[in-house]
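Asker: For reference, the file protein.txt (compact mmCIF, C-alpha atoms) is included below:
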# COMPACT_ATOMS: atom_id res chain seq x y z
CA MET I 1 104.96 66.45 -7.59
CA LYS I 2 101.25 66.29 -7.08
CA LYS I 3 99.72 69.37 -5.45
CA PRO I 4 97.61 68.96 -2.35
CA GLY I 5 93.93 68.58 -3.11
CA LEU I 6 91.35 71.23 -2.41
CA PRO I 7 89.74 69.40 0.51
CA ILE I 8 93.01 69.44 2.43
CA VAL I 9 93.53 73.15 1.77
CA LEU I 10 89.93 73.87 2.77
CA ALA I 11 90.20 71.78 5.88
CA ILE I 12 93.32 73.57 7.03
CA GLY I 13 91.80 76.92 6.19
CA LEU I 14 88.66 76.17 8.18
CA GLY I 15 90.49 74.93 11.25
CA CYS I 16 90.15 71.23 10.67
CA HIS I 17 90.79 70.16 14.24
CA ASN I 18 87.07 69.81 14.64
CA GLN I 19 86.61 67.72 11.53
CA VAL I 20 86.68 63.99 11.03
CA GLY I 21 88.86 62.13 8.60
CA ILE I 22 91.79 63.91 7.07
CA CYS I 23 92.55 65.80 10.25
CA ARG I 24 92.06 62.91 12.63
CA GLN I 25 95.73 62.89 13.49
CA ALA I 26 95.67 66.50 14.70
CA PRO I 27 96.55 66.71 18.38
CA PRO I 28 93.66 67.50 20.71
CA LEU I 29 93.16 71.09 21.72
CA HIS I 30 93.26 72.13 25.33
CA TYR I 31 90.74 74.44 26.88
CA ALA I 32 90.25 75.82 30.33
CA ALA I 33 86.75 76.52 31.56
CA ARG I 34 86.49 79.75 33.51
CA GLU I 35 83.58 80.58 35.72
CA VAL I 36 81.27 83.33 34.56
CA LYS I 37 80.29 85.72 37.30
CA ARG I 38 76.72 84.80 38.03
CA GLU I 39 73.90 87.23 38.25
CA THR I 40 72.48 87.04 41.74
CA ARG I 41 69.49 88.63 43.29
CA ALA I 42 69.74 89.35 46.97
CA ASP I 43 66.16 88.36 47.68
CA SER I 44 66.28 84.75 46.65
CA ARG I 45 69.02 82.41 45.67
CA PRO I 46 67.66 78.95 46.28
CA TYR I 47 69.60 76.15 47.79
CA LEU I 48 69.88 73.18 45.46
CA SER I 49 69.54 70.09 47.59
CA ARG I 50 70.23 67.28 45.18
CA PRO I 51 70.30 68.50 41.59
CA VAL I 52 70.26 65.49 39.30
CA ALA I 53 69.55 66.86 35.84
CA LEU I 54 69.81 70.12 33.98
CA VAL I 55 68.47 71.20 30.62
CA TYR I 56 68.26 74.55 28.90
CA ASP I 57 66.36 76.42 26.21
CA GLU I 58 67.12 79.74 24.51
CA SER I 59 66.50 81.80 27.64
CA ARG I 60 66.50 79.58 30.71
CA LEU I 61 68.18 76.81 32.59
CA PHE I 62 66.08 74.17 34.34
CA VAL I 63 67.58 72.19 37.23
CA LEU I 64 65.76 69.15 38.56
CA ASP I 65 66.11 68.82 42.34
CA MET I 66 65.41 65.25 43.39
CA GLU I 67 65.37 65.90 47.13
CA GLU I 68 63.20 69.02 46.98
CA ASP I 69 60.88 67.43 44.40
CA ASP I 70 60.89 70.45 42.12
CA ILE I 71 62.50 72.16 39.15
CA LYS I 72 64.42 75.33 39.84
CA VAL I 73 64.52 77.75 36.94
CA PHE I 74 67.41 80.13 36.31
CA SER I 75 68.25 82.62 33.61
CA ARG I 76 71.12 81.52 31.41
CA SER I 77 73.32 83.94 33.31
CA GLY I 78 72.50 82.13 36.55
CA ALA I 79 69.90 84.36 38.16
CA PHE I 80 67.23 82.39 39.96
CA GLU I 81 63.76 83.01 38.56
CA TYR I 82 61.14 80.61 39.91
CA ILE I 83 60.30 77.07 41.02
CA ILE I 84 58.15 74.52 39.22
CA GLY I 85 56.37 71.79 41.16
CA ARG I 86 56.43 70.55 44.73
CA LYS I 87 56.28 67.26 46.58
CA GLY I 88 53.09 65.31 46.04
CA GLN I 89 51.11 62.97 43.89
CA GLY I 90 48.83 65.41 42.11
CA PRO I 91 49.24 66.96 38.69
CA GLY I 92 52.38 69.05 38.53
CA GLU I 93 53.68 67.52 41.76
CA PHE I 94 56.67 65.20 42.00
CA HIS I 95 58.15 62.60 44.27
CA LEU I 96 61.86 61.86 43.84
CA PRO I 97 62.00 62.99 40.22
CA SER I 98 65.21 61.79 38.59
CA GLY I 99 65.03 62.61 34.89
CA LEU I 100 64.30 65.77 32.92
CA ASP I 101 64.18 66.72 29.26
CA ILE I 102 62.88 69.66 27.27
CA LEU I 103 61.29 69.74 23.85
CA GLY I 104 59.32 72.51 22.18
CA GLY I 105 58.71 74.48 25.37
CA ARG I 106 57.61 71.40 27.29
CA LEU I 107 59.43 69.87 30.22
CA TYR I 108 59.27 66.07 30.50
CA VAL I 109 59.82 64.76 34.01
CA ALA I 110 60.59 61.19 35.06
CA ASP I 111 58.57 61.27 38.29
CA SER I 112 60.33 58.28 39.75
CA ALA I 113 58.63 57.39 43.04
CA ASN I 114 55.19 58.21 41.60
CA ARG I 115 55.97 55.84 38.70
CA ARG I 116 54.81 58.25 36.06
CA VAL I 117 55.85 60.76 33.46
CA GLN I 118 54.64 64.33 33.70
CA VAL I 119 54.72 67.03 31.08
CA VAL I 120 54.61 70.66 32.21
CA ASP I 121 55.19 73.91 30.38
CA THR I 122 58.19 76.08 31.21
CA LYS I 123 56.08 78.14 33.62
CA GLY I 124 55.01 75.04 35.49
CA GLY I 125 51.54 74.58 34.02
CA TYR I 126 50.53 70.93 33.95
CA LEU I 127 49.98 69.65 30.41
CA SER I 128 49.74 65.87 30.53
CA GLY I 129 51.09 62.73 32.11
CA PHE I 130 50.89 58.97 32.17
CA ARG I 131 51.75 56.12 34.47
CA VAL I 132 54.45 53.57 33.75
CA PRO I 133 54.84 50.08 35.28
CA PHE I 134 58.29 50.79 36.74
CA SER I 135 60.25 53.61 38.36
CA PRO I 136 61.35 55.87 35.51
CA HIS I 137 64.95 56.93 35.91
CA ARG I 138 65.84 59.00 32.86
CA ILE I 139 63.68 60.50 30.13
CA LEU I 140 64.27 61.71 26.62
CA ALA I 141 61.61 63.39 24.49
CA LEU I 142 62.48 62.74 20.85
CA GLY I 143 59.14 64.12 19.71
CA PRO I 144 55.70 64.79 21.18
CA GLU I 145 54.76 61.22 20.28
CA ARG I 146 58.07 59.52 21.01
CA ILE I 147 59.29 59.44 24.57
CA VAL I 148 62.12 57.17 25.68
CA ILE I 149 62.26 56.22 29.34
CA MET I 150 65.12 54.46 31.05
CA GLY I 151 64.46 52.31 34.09
CA LEU I 152 66.85 51.15 36.79
CA PRO I 153 66.98 47.35 36.44
CA SER I 154 65.82 45.76 39.67
CA GLY I 155 67.74 42.52 39.16
CA ARG I 156 64.76 40.66 40.67
CA ASP I 157 63.51 39.08 37.50
CA GLY I 158 66.68 38.27 35.64
CA GLN I 159 67.67 40.26 32.64
CA GLU I 160 65.43 43.27 32.06
CA ARG I 161 65.16 45.81 29.29
CA VAL I 162 66.69 49.18 30.03
CA LEU I 163 64.87 51.36 27.49
CA HIS I 164 61.13 51.73 27.05
CA GLY I 165 59.50 53.69 24.23
CA PHE I 166 56.12 55.35 24.73
CA ASP I 167 53.89 57.59 22.68
CA GLY I 168 52.56 60.87 24.04
CA SER I 169 49.54 59.23 25.65
CA GLY I 170 51.59 56.63 27.51
CA GLN I 171 51.03 53.73 25.16
CA SER I 172 53.99 51.37 25.35
CA LEU I 173 55.60 51.03 21.93
CA TRP I 174 58.82 49.11 22.36
CA GLU I 175 61.52 47.92 24.72
CA ALA I 176 65.21 47.71 23.93
CA VAL I 177 68.69 47.03 25.32
CA ASP I 178 69.15 44.16 27.73
CA SER I 179 70.47 45.00 31.17
CA PHE I 180 73.49 43.26 32.63
CA TYR I 181 72.55 40.53 35.04
CA SER I 182 74.77 38.42 37.27
CA ARG I 183 72.60 37.85 40.38
CA ASP I 184 74.59 40.52 42.21
CA SER I 185 72.10 43.39 42.13
CA VAL I 186 74.54 46.01 43.39
CA TYR I 187 77.31 45.17 40.94
CA ASP I 188 74.76 44.90 38.15
CA LEU I 189 73.31 48.30 38.93
CA MET I 190 76.74 49.90 38.83
CA ARG I 191 77.30 48.34 35.42
CA ASN I 192 73.85 49.41 34.25
CA ARG I 193 74.58 53.12 34.45
CA TRP I 194 73.57 54.45 31.05
CA PHE I 195 73.19 57.92 29.64
CA MET I 196 70.83 58.97 26.85
CA LEU I 197 71.71 61.94 24.68
CA LYS I 198 69.42 63.46 22.11
CA ALA I 199 70.75 63.54 18.55
CA SER I 200 69.23 65.10 15.46
CA GLY I 201 66.47 63.54 13.37
CA GLY I 202 64.59 61.88 16.23
CA GLU I 203 67.56 59.69 17.09
CA PHE I 204 69.60 59.39 20.26
CA PHE I 205 72.92 58.18 21.61
CA LEU I 206 73.43 55.69 24.37
CA VAL I 207 76.60 55.87 26.46
CA ARG I 208 77.51 53.44 29.23
CA GLY I 209 79.06 54.76 32.40
CA ALA I 210 81.35 51.75 32.86
CA ASP I 211 83.02 48.82 31.15
CA ASP I 212 82.25 49.93 27.61
CA ARG I 213 83.69 52.57 25.30
CA VAL I 214 81.13 52.05 22.54
CA VAL I 215 78.67 54.85 21.83
CA ARG I 216 75.48 53.51 20.28
CA ARG I 217 73.14 55.45 18.03
CA LEU I 218 69.49 54.40 18.11
CA ASP I 219 66.39 55.57 16.30
CA GLY I 220 63.07 56.52 17.84
CA ASP I 221 61.95 52.89 17.73
CA GLY I 222 64.91 51.69 19.76
CA ALA I 223 66.63 50.10 16.76
CA LEU I 224 70.41 50.22 16.72
CA LEU I 225 71.65 52.38 13.84
CA GLY I 226 75.36 52.31 14.48
CA GLU I 227 78.19 52.10 16.96
CA THR I 228 81.30 54.20 17.43
CA GLU I 229 84.16 53.16 19.64
CA VAL I 230 85.78 55.95 21.59
CA THR I 231 89.54 55.93 21.10
CA GLU I 232 91.64 54.09 23.68
CA LYS I 233 93.51 57.33 24.26
CA TYR I 234 90.55 58.12 26.44
CA GLN I 235 91.20 55.72 29.30
CA PHE I 236 89.00 53.85 31.72
CA GLN I 237 89.50 54.48 35.43
CA GLU I 238 89.52 51.16 37.25
CA ILE I 239 88.30 50.58 40.77
CA ASP I 240 87.64 47.49 42.87
CA ILE I 241 84.20 47.38 44.41
CA PRO I 242 82.90 44.95 47.03
CA ALA I 243 80.84 42.11 45.54
CA ARG I 244 78.20 39.84 47.02
CA ASP I 245 80.46 36.79 47.34
CA GLY I 246 82.87 38.72 49.59
CA LYS I 247 85.39 39.16 46.82
CA LYS I 248 86.04 42.31 44.88
CA ARG I 249 85.12 43.03 41.32
CA THR I 250 86.81 45.55 39.10
CA LEU I 251 84.67 48.23 37.55
CA ARG I 252 86.14 50.19 34.67
CA ALA I 253 84.54 53.61 34.97
CA PHE I 254 84.12 55.32 31.62
CA CYS I 255 82.38 58.59 32.40
CA TRP I 256 80.66 60.22 35.34
CA ASN I 257 78.32 62.22 33.17
CA CYS I 258 78.17 63.32 29.55
CA ALA I 259 76.57 65.77 27.18
CA LEU I 260 76.10 66.23 23.46
CA ASP I 261 76.38 69.50 21.57
CA ARG I 262 76.70 70.16 17.85
CA GLY I 263 77.63 66.56 17.10
CA ARG I 264 80.37 66.45 19.73
CA LEU I 265 80.25 64.19 22.75
CA PHE I 266 81.47 65.65 26.05
CA LEU I 267 82.64 62.97 28.46
CA LEU I 268 83.11 64.06 32.06
CA GLY I 269 85.76 61.68 33.33
CA PRO I 270 85.81 60.16 36.79
CA GLU I 271 88.66 61.10 39.09
CA ARG I 272 90.35 59.49 42.08
CA THR I 273 89.29 61.10 45.35
CA GLU I 274 91.44 61.67 48.42
CA ASP I 275 90.08 58.57 50.13
CA GLY I 276 90.90 56.33 47.18
CA ASP I 277 87.37 56.19 45.81
CA LEU I 278 86.45 57.21 42.29
CA GLY I 279 84.23 60.28 42.07
CA PRO I 280 83.23 63.05 39.69
CA GLY I 281 86.14 64.62 37.87
CA ARG I 282 87.39 67.97 36.69
CA ARG I 283 88.29 67.14 33.11
CA ILE I 284 86.06 66.78 30.06
CA ALA I 285 87.12 65.01 26.88
CA VAL I 286 85.49 66.23 23.70
CA ILE I 287 84.89 63.30 21.36
CA GLY I 288 84.32 63.62 17.62
CA PRO I 289 81.99 61.60 15.41
CA ALA I 290 84.64 58.95 14.72
CA GLY I 291 85.43 58.44 18.40
CA GLU I 292 88.56 60.57 18.35
CA ILE I 293 89.50 63.06 21.03
CA LEU I 294 89.06 66.55 19.63
CA ALA I 295 89.88 68.48 22.75
CA SER I 296 90.17 68.34 26.50
CA ILE I 297 88.70 70.84 28.92
CA ASP I 298 90.08 71.51 32.38
CA LEU I 299 87.42 72.53 34.85
CA PRO I 300 88.03 74.76 37.86
CA GLU I 301 86.47 72.13 40.11
CA ARG I 302 84.80 68.74 40.08
CA LEU I 303 81.42 68.62 38.40
CA THR I 304 78.75 65.96 38.74
CA ARG I 305 76.45 66.99 35.89
CA ILE I 306 77.10 68.90 32.69
CA ALA I 307 75.16 70.43 29.82
CA VAL I 308 76.97 72.15 26.96
CA ASP I 309 75.86 74.89 24.59
CA GLY I 310 78.63 76.12 22.26
CA ASP I 311 81.39 77.55 24.43
CA THR I 312 79.24 77.52 27.57
CA ILE I 313 79.19 74.69 30.08
CA PHE I 314 76.40 74.53 32.63
CA GLY I 315 77.39 72.30 35.50
CA ILE I 316 76.59 71.15 38.99
CA ASP I 317 79.51 70.98 41.41
CA VAL I 318 80.02 68.45 44.21
CA ASP I 319 78.42 70.86 46.69
CA SER I 320 75.27 70.97 44.55
CA GLY I 321 76.04 74.45 43.30
CA LEU I 322 75.14 75.65 39.84
CA ARG I 323 78.18 76.63 37.75
CA ILE I 324 78.27 78.49 34.48
CA LEU I 325 81.59 78.21 32.68
CA LYS I 326 83.03 79.61 29.47
CA LEU I 327 85.70 77.90 27.42
CA GLU I 328 89.00 79.62 26.89
CA HIS I 329 91.71 78.32 24.62
CA LYS I 330 94.84 77.41 26.55
CA MET L 331 25.92 19.01 73.81
CA LYS L 332 29.48 17.78 73.76
CA ARG L 333 29.33 17.55 70.00
CA ALA L 334 28.08 21.15 69.76
CA ILE L 335 30.90 22.43 72.01
CA ALA L 336 33.49 20.48 70.04
CA LEU L 337 32.11 21.82 66.78
CA THR L 338 32.09 25.40 68.11
CA LEU L 339 35.67 25.07 69.32
CA ALA L 340 36.73 23.60 66.00
CA VAL L 341 35.11 26.45 64.11
CA LEU L 342 36.71 29.00 66.45
CA CYS L 343 40.12 27.36 66.02
CA PHE L 344 39.68 27.32 62.28
CA LEU L 345 38.61 30.97 62.15
CA SER L 346 41.31 32.13 64.56
CA ALA L 347 43.94 30.49 62.42
CA PHE L 348 42.71 32.51 59.44
CA LEU L 349 42.40 35.68 61.49
CA TRP L 350 45.90 35.31 62.86
CA LEU L 351 47.59 34.52 59.59
CA PRO L 352 48.02 37.53 57.31
CA GLN L 353 45.69 37.54 54.37
CA PRO L 354 47.37 37.28 50.97
CA SER L 355 46.35 40.83 50.04
CA SER L 356 47.83 42.45 53.15
CA ALA L 357 51.00 40.37 52.86
CA ARG L 358 51.38 41.57 49.31
CA THR L 359 50.86 45.14 50.36
CA ARG L 360 53.65 44.88 52.90
CA ALA L 361 56.01 43.41 50.30
CA ASP L 362 55.03 46.12 47.85
CA ILE L 363 55.81 48.82 50.38
CA CYS L 364 59.15 47.16 51.11
CA TYR L 365 60.02 47.11 47.42
CA ASP L 366 58.88 50.70 46.97
CA ASP L 367 61.17 51.76 49.81
CA TRP L 368 63.97 49.72 48.27
CA GLU L 369 63.54 51.44 44.92
CA THR L 370 63.59 54.82 46.62
CA CYS L 371 66.73 53.87 48.52
CA ARG L 372 68.43 52.71 45.32
CA SER L 373 67.44 55.85 43.42
CA ARG L 374 68.84 58.07 46.14
CA ALA L 375 72.05 56.05 46.29
CA PHE L 376 72.44 55.97 42.54
CA GLU L 377 72.03 59.74 42.24
CA SER L 378 74.15 60.52 45.27
CA ASP L 379 77.32 61.42 43.35
CA GLU L 380 79.33 59.94 46.15
CA GLY L 381 82.28 57.86 45.02
CA ILE L 382 81.71 54.53 43.32
CA VAL L 383 82.71 52.47 46.37
CA LYS L 384 80.52 54.54 48.69
CA THR L 385 77.60 54.19 46.30
CA THR L 386 78.15 50.43 46.17
CA LEU L 387 78.07 50.25 49.96
CA TRP L 388 74.93 52.39 50.07
CA LEU L 389 73.23 50.10 47.55
CA THR L 390 74.22 47.11 49.68
CA VAL L 391 72.56 48.74 52.68
CA CYS L 392 69.41 49.18 50.56
CA ASP L 393 69.43 45.44 49.80
CA LEU L 394 69.91 44.54 53.46
CA ALA L 395 67.07 46.86 54.47
CA LEU L 396 64.84 45.23 51.88
CA GLY L 397 65.57 41.79 53.30
CA LYS L 398 64.80 42.93 56.85
CA CYS L 399 61.61 44.64 55.72
CA VAL L 400 60.28 41.65 53.76
CA LEU L 401 61.02 39.30 56.65
CA GLY L 402 59.20 41.68 59.00
CA PHE L 403 62.16 42.56 61.19
CA THR L 404 61.61 46.26 60.69
CA LYS L 405 58.46 48.29 61.13
CA LEU L 406 57.02 49.88 58.07
Kindly return the structure encoded in the file as structure tokens.
Answerer:
Amino acid sequence: MKKPGLPIVLAIGLGCHNQVGICRQAPPLHYAAREVKRETRADSRPYLSRPVALVYDESRLFVLDMEEDDIKVFSRSGAFEYIIGRKGQGPGEFHLPSGLDILGGRLYVADSANRRVQVVDTKGGYLSGFRVPFSPHRILALGPERIVIMGLPSGRDGQERVLHGFDGSGQSLWEAVDSFYSRDSVYDLMRNRWFMLKASGGEFFLVRGADDRVVRRLDGDGALLGETEVTEKYQFQEIDIPARDGKKRTLRAFCWNCALDRGRLFLLGPERTEDGDLGPGRRIAVIGPAGEILASIDLPERLTRIAVDGDTIFGIDVDSGLRILKLEHK
Amino acid sequence: MKRAIALTLAVLCFLSAFLWLPQPSSARTRADICYDDWETCRSRAFESDEGIVKTTLWLTVCDLALGKCVLGFTKL
């Protein structure tokens, strides 16, 4: 009888549940996320009004507050430190900012209602900015000279491009990915919910929030490099939404939010609410490079936004509270 | 004399018509403001984290408000 090969032995020895290929059949692991007791300072614990994005670096967590037009900065243990920006149109000021990214100590802000991108340092010092001919919705800094901006398709001019590539000075470089268009602007917008996740090597992933389980990998020029289909074991959540013609259309919700960490995709699933709607959920599926489910994570409560760093999950709950969670094996 | 009065009246009528009608630039400004408000409304709705049906209804309200604004039924 032939002996098992070295790769199999190695894979088992190294805990191959996180690997692709030979261990793909391994059942998913189950984790529970437990809340870490947050550091609080009695003097100031700011109220997050409408946190819409969160990013982190080695020492801090940055939360973009769309309603307060600022970035609230916390330590990684959750202690509030300071605020960057305020409402306005000047340098370092924001109006309904909706997207945030961090790269090399610089924060990139999609300053939506001001129709511009602003770059500030992590202390709030204004560095640069440029105007864009649409309302920027999400932003991803792949490099100082490669910034990807996602717009919300208006549906006014037919099919529009969702992604726009710019250099650091605001020069338009490329446009990619056609939006969905059916003359029903509301339905189209719900289908045009996309998420951008930074990958290594100046590339990024594109995940759709509904009707599609394909994860696309693109390069810094917006060219499609590959596609991975998430396993059907991870199921859509269907819901009927009112459509323009008075009928109902079915939307197959895929994820409410998502994150990428160490090559693993974290999909925050939608969940049925008490009133029959579909809202943010309390379970995360961890997806491997081949689209397989590696693990599932049960959250203590429903989260609307997530960012993951190793065994730590930074999240925003449905009451706009910041949550810091640690994974524990079930 | 009659010709002068008629001419003056004609000129006044002509000018008043132009004064009364909105100029193309100001009409465009109004539409721009309406669309800016619409984009703001959509952004807020889209980021609301309400349920999908509630968000859909909110977006529909944004569209209705845009229509009323462009047609001049609501004050800017």
Asker: Between CA of Phe130 in chain I and CA of Asp101 in chain I, measure the distance and give it in Å to one decimal.
Answerer: 15.7 Å
Asker: What gap, in Å, lies between CA of Ala375 in chain L and CA of Trp388 in chain L?
Answerer: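 It comes out at 6.0 Å.
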Asker: Could you give me, as CSV, every chain I residue with an atom at most 6 Å from chain L, plus its closest atom pair and distance in Å to one decimal, counting only C-alpha atoms, rows ordered by chain then number?
Answerer:
residue,atom,partner,partner_atom,distance
I:Val186,CA,L:Leu389,CA,6.0
I:Ile241,CA,L:Val383,CA,5.7
I:Asp277,CA,L:Gly381,CA,5.4
I:Leu278,CA,L:Gly381,CA,5.0
I:Gly279,CA,L:Gly381,CA,4.3
Asker: Kindly give the distance, in Å, that separates CA of Asp178 in chain I and CA of Ser135 in chain I, rounded to a single decimal.
Answerer: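 CA of Asp178 in chain I sits 16.8 Å away from CA of Ser135 in chain I.
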Asker: If we count all atoms listed in the file and set the cut-off at 7 Å, which residues sit around Arg217 in chain I, ignoring sequence neighbours fewer than 4 positions away in its own chain? Please answer as JSON, numbers by chain.
Answerer: {"I": [204, 205, 206, 224, 225, 226, 227]}
Asker: Would you mind listing what lies within 8 Å of Pro136 in chain I as a PyMOL selection string, with all atoms listed in the file counted and same-chain residues fewer than 3 positions away left out?
Answerer: chain I and resi 98-99+110-112+115-117+132+139+149-152
Asker: Next, dump the selected residues to file, keeping only C-alpha atoms, as a PDB file, in the frame of the given file.
Answerer:
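Listing of again_27.pdb after writing:
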ATOM      1  CA  SER I  98      65.210  61.790  38.590  1.00  0.00           C
ATOM      2  CA  GLY I  99      65.030  62.610  34.890  1.00  0.00           C
ATOM      3  CA  ALA I 110      60.590  61.190  35.060  1.00  0.00           C
ATOM      4  CA  ASP I 111      58.570  61.270  38.290  1.00  0.00           C
ATOM      5  CA  SER I 112      60.330  58.280  39.750  1.00  0.00           C
ATOM      6  CA  ARG I 115      55.970  55.840  38.700  1.00  0.00           C
ATOM      7  CA  ARG I 116      54.810  58.250  36.060  1.00  0.00           C
ATOM      8  CA  VAL I 117      55.850  60.760  33.460  1.00  0.00           C
ATOM      9  CA  VAL I 132      54.450  53.570  33.750  1.00  0.00           C
ATOM     10  CA  ILE I 139      63.680  60.500  30.130  1.00  0.00           C
ATOM     11  CA  ILE I 149      62.260  56.220  29.340  1.00  0.00           C
ATOM     12  CA  MET I 150      65.120  54.460  31.050  1.00  0.00           C
ATOM     13  CA  GLY I 151      64.460  52.310  34.090  1.00  0.00           C
ATOM     14  CA  LEU I 152      66.850  51.150  36.790  1.00  0.00           C
TER      15      LEU I 152
END
Asker: Excluding range 80-86 of chain I and its own-chain neighbours fewer than 3 positions away, which residues fall within 12 Å of it when counting all atoms listed in the file? Please give them as an mmCIF file with C-alpha atoms, in the coordinates of the input.
Answerer:
data_model
loop_
_atom_site.group_PDB
_atom_site.id
_atom_site.type_symbol
_atom_site.label_atom_id
_atom_site.label_comp_id
_atom_site.auth_asym_id
_atom_site.auth_seq_id
_atom_site.Cartn_x
_atom_site.Cartn_y
_atom_site.Cartn_z
ATOM 1 C CA ARG I 38 76.720 84.800 38.030
ATOM 2 C CA GLU I 39 73.900 87.230 38.250
ATOM 3 C CA THR I 40 72.480 87.040 41.740
ATOM 4 C CA ARG I 41 69.490 88.630 43.290
ATOM 5 C CA ALA I 42 69.740 89.350 46.970
ATOM 6 C CA ASP I 43 66.160 88.360 47.680
ATOM 7 C CA SER I 44 66.280 84.750 46.650
ATOM 8 C CA ARG I 45 69.020 82.410 45.670
ATOM 9 C CA PRO I 46 67.660 78.950 46.280
ATOM 10 C CA TYR I 47 69.600 76.150 47.790
ATOM 11 C CA LEU I 48 69.880 73.180 45.460
ATOM 12 C CA SER I 59 66.500 81.800 27.640
ATOM 13 C CA ARG I 60 66.500 79.580 30.710
ATOM 14 C CA LEU I 61 68.180 76.810 32.590
ATOM 15 C CA PHE I 62 66.080 74.170 34.340
ATOM 16 C CA VAL I 63 67.580 72.190 37.230
ATOM 17 C CA LEU I 64 65.760 69.150 38.560
ATOM 18 C CA ASP I 65 66.110 68.820 42.340
ATOM 19 C CA MET I 66 65.410 65.250 43.390
ATOM 20 C CA GLU I 67 65.370 65.900 47.130
ATOM 21 C CA GLU I 68 63.200 69.020 46.980
ATOM 22 C CA ASP I 69 60.880 67.430 44.400
ATOM 23 C CA ASP I 70 60.890 70.450 42.120
ATOM 24 C CA ILE I 71 62.500 72.160 39.150
ATOM 25 C CA LYS I 72 64.420 75.330 39.840
ATOM 26 C CA VAL I 73 64.520 77.750 36.940
ATOM 27 C CA PHE I 74 67.410 80.130 36.310
ATOM 28 C CA SER I 75 68.250 82.620 33.610
ATOM 29 C CA ARG I 76 71.120 81.520 31.410
ATOM 30 C CA SER I 77 73.320 83.940 33.310
ATOM 31 C CA GLN I 89 51.110 62.970 43.890
ATOM 32 C CA GLY I 90 48.830 65.410 42.110
ATOM 33 C CA PRO I 91 49.240 66.960 38.690
ATOM 34 C CA GLY I 92 52.380 69.050 38.530
ATOM 35 C CA GLU I 93 53.680 67.520 41.760
ATOM 36 C CA PHE I 94 56.670 65.200 42.000
ATOM 37 C CA HIS I 95 58.150 62.600 44.270
ATOM 38 C CA LEU I 96 61.860 61.860 43.840
ATOM 39 C CA PRO I 97 62.000 62.990 40.220
ATOM 40 C CA LEU I 107 59.430 69.870 30.220
ATOM 41 C CA VAL I 109 59.820 64.760 34.010
ATOM 42 C CA ASP I 111 58.570 61.270 38.290
ATOM 43 C CA GLN I 118 54.640 64.330 33.700
ATOM 44 C CA VAL I 119 54.720 67.030 31.080
ATOM 45 C CA VAL I 120 54.610 70.660 32.210
ATOM 46 C CA ASP I 121 55.190 73.910 30.380
ATOM 47 C CA THR I 122 58.190 76.080 31.210
ATOM 48 C CA LYS I 123 56.080 78.140 33.620
ATOM 49 C CA GLY I 124 55.010 75.040 35.490
ATOM 50 C CA GLY I 125 51.540 74.580 34.020
ATOM 51 C CA TYR I 126 50.530 70.930 33.950
ATOM 52 C CA LEU I 322 75.140 75.650 39.840
#
